[in-house]
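> Sending over a structure as structure tokens; questions will come in a sec.
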Amino acid sequence: MERLDAAVAAATECPVCGSSHTKLYLDGAPPALDNAAFGSSRTELSFGRILRCRDCGFGFAETRPAEDQLKRLYRQMDVAVYESEVQGRTRTARRHRKILQRYVSKPGRILDVGCASGRFLSECASAGWTVTGLEPSRILCQEAQRLLGGGAPIFPITLQEADFPESSFNAVTMWDVLEHVPCPREFLRQALCLLKPGGLLFVNVPNLDSLQARCMRRRWPLFLPEHLNYFTRESLARCCTQSGVRLIALGSRPVSFSIGYIVHRAGQHVPLLRPLGRIAARLSIADAVVPVWMGELYAVWNKTNASGRSQDALVVEGI
């Protein structure tokens with residue numbers, strides 16, 4: 001099992017704004033870096049020390065694994081529990097397609113970074129998009145290729161390994177990806193280079209200022225060993241401050257899970273709730289899928305033709 005002593009040195013400055021004015025937000029045990037901690041099949045929940053920037057509000061894991069170490073972990077992670085939630089993930093993918101369609105007048109070429117098993121890309125392909133996906137997990141990549149019938153390019157690589165020409169896509173999406181990367185600003189810059197002028201970038205991340213995060217504190221389900229970054233509206237907006245990029249929306253949406261999965265995850269954080277799983281099974285409701293507001297935030301940026309300051313964001317409340 002890999003431990004954090006194999007990772008890069010602990011962060012001392014905010015990865016978003018560069019400020020050294022940080023404070024300890026939560027003090028957790030050092031997480032393991034193995035299959036027990038990564039992905040929906042996790043049995044290890046320790047998330048380490050979380051720092052928070054006093055200037056932009058960004059939260060981040062103090063110790064940040066190197067990119068090659070993260071790559072190995074994602075390629076090897078157990079995806080059994082993730083794939084058991086097909087119905088819920090399909091409903092969430094449908095919500096993501098609806099968000100996309102709010103801001104795009106007609107289908108074009110789309111790149112989904114971290115496409116997992118391809119549910120979102122399948123929704124887009126059905127709506128007329130020409131789709132491409134990146135997914136470092138080989139098992140999930142193969143499932144995406146199968147789902148899309150082998151007709152779409154789905155690559156088992158990260159964005160950093162991709163070699164697309166600049167201005168290749170009308171839209172780039174990152175649903176639940178940016179919280180996993182060591183350098184979020186650089187990651188977004190790479191994505192923006194792939195957009196055509198007028199193209200759109202969509203990102204969804206954990207919101208540290210959400211009611212769920214503030215009320216649940218260390219029991220917030222999005223405090224996870226593999227999450228390196230926790231955003232706020234201000235810090236997410238600051239991630240793309242270069243000229244020629246305009247923030248056009250900030251909003252939130254629910255995700256869908258089975259009641260059985262929700263109870264399982266709740267029991268991991270609060271052991272007294274574990275008997276609810278048996279109750280749900282006896283009542284035959286464990287497989288029922290429901291929407292859940294997890295405390296997340298999405299942003300939409302437009303790659304404009306001219307430089308200039310970003311306009312005020314349009315706040316969108318769910319779907």
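Going through the structure tokens in order, the chains are called A, B, and so on, while each chain numbers its residues from 1 and the ligands are numbered from 1 in the order shown.
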If we count only C-alpha atoms, what is near Gly198 in chain A at a cut-off of 9 Å, once residues fewer than 5 positions away on the same chain are taken out, given as a count of residues only?

5

> So which residues touch Asp287 in chain A within 8 Å, counting only C-alpha atoms, skipping near sequence neighbours fewer than 2 positions away, as a VMD selection string?

chain A and resid 258 to 260 284 to 285 289

> Looking at only C-alpha atoms, which of A:Asp68, A:Glu143, A:Glu85, A:Glu296 is the one that sits closest to Glu161 in chain A?

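Going through A:Asp68, A:Glu143, A:Glu85, A:Glu296 one by one, the smallest distance to Glu161 in chain A is for A:Asp68.
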
> State, in Å with one decimal place, the distance from CA of Ala266 in chain A to CA of Val290 in chain A.

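Rounded to one decimal, the two atoms are 14.8 Å apart.
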
> Nearest to Pro156 in chain A: which of A:Arg72, A:Pro225, A:Arg214, A:Arg109 is it, counting only C-alpha atoms?

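Residue with the minimum atom-to-atom distance to Pro156 in chain A: A:Arg72.
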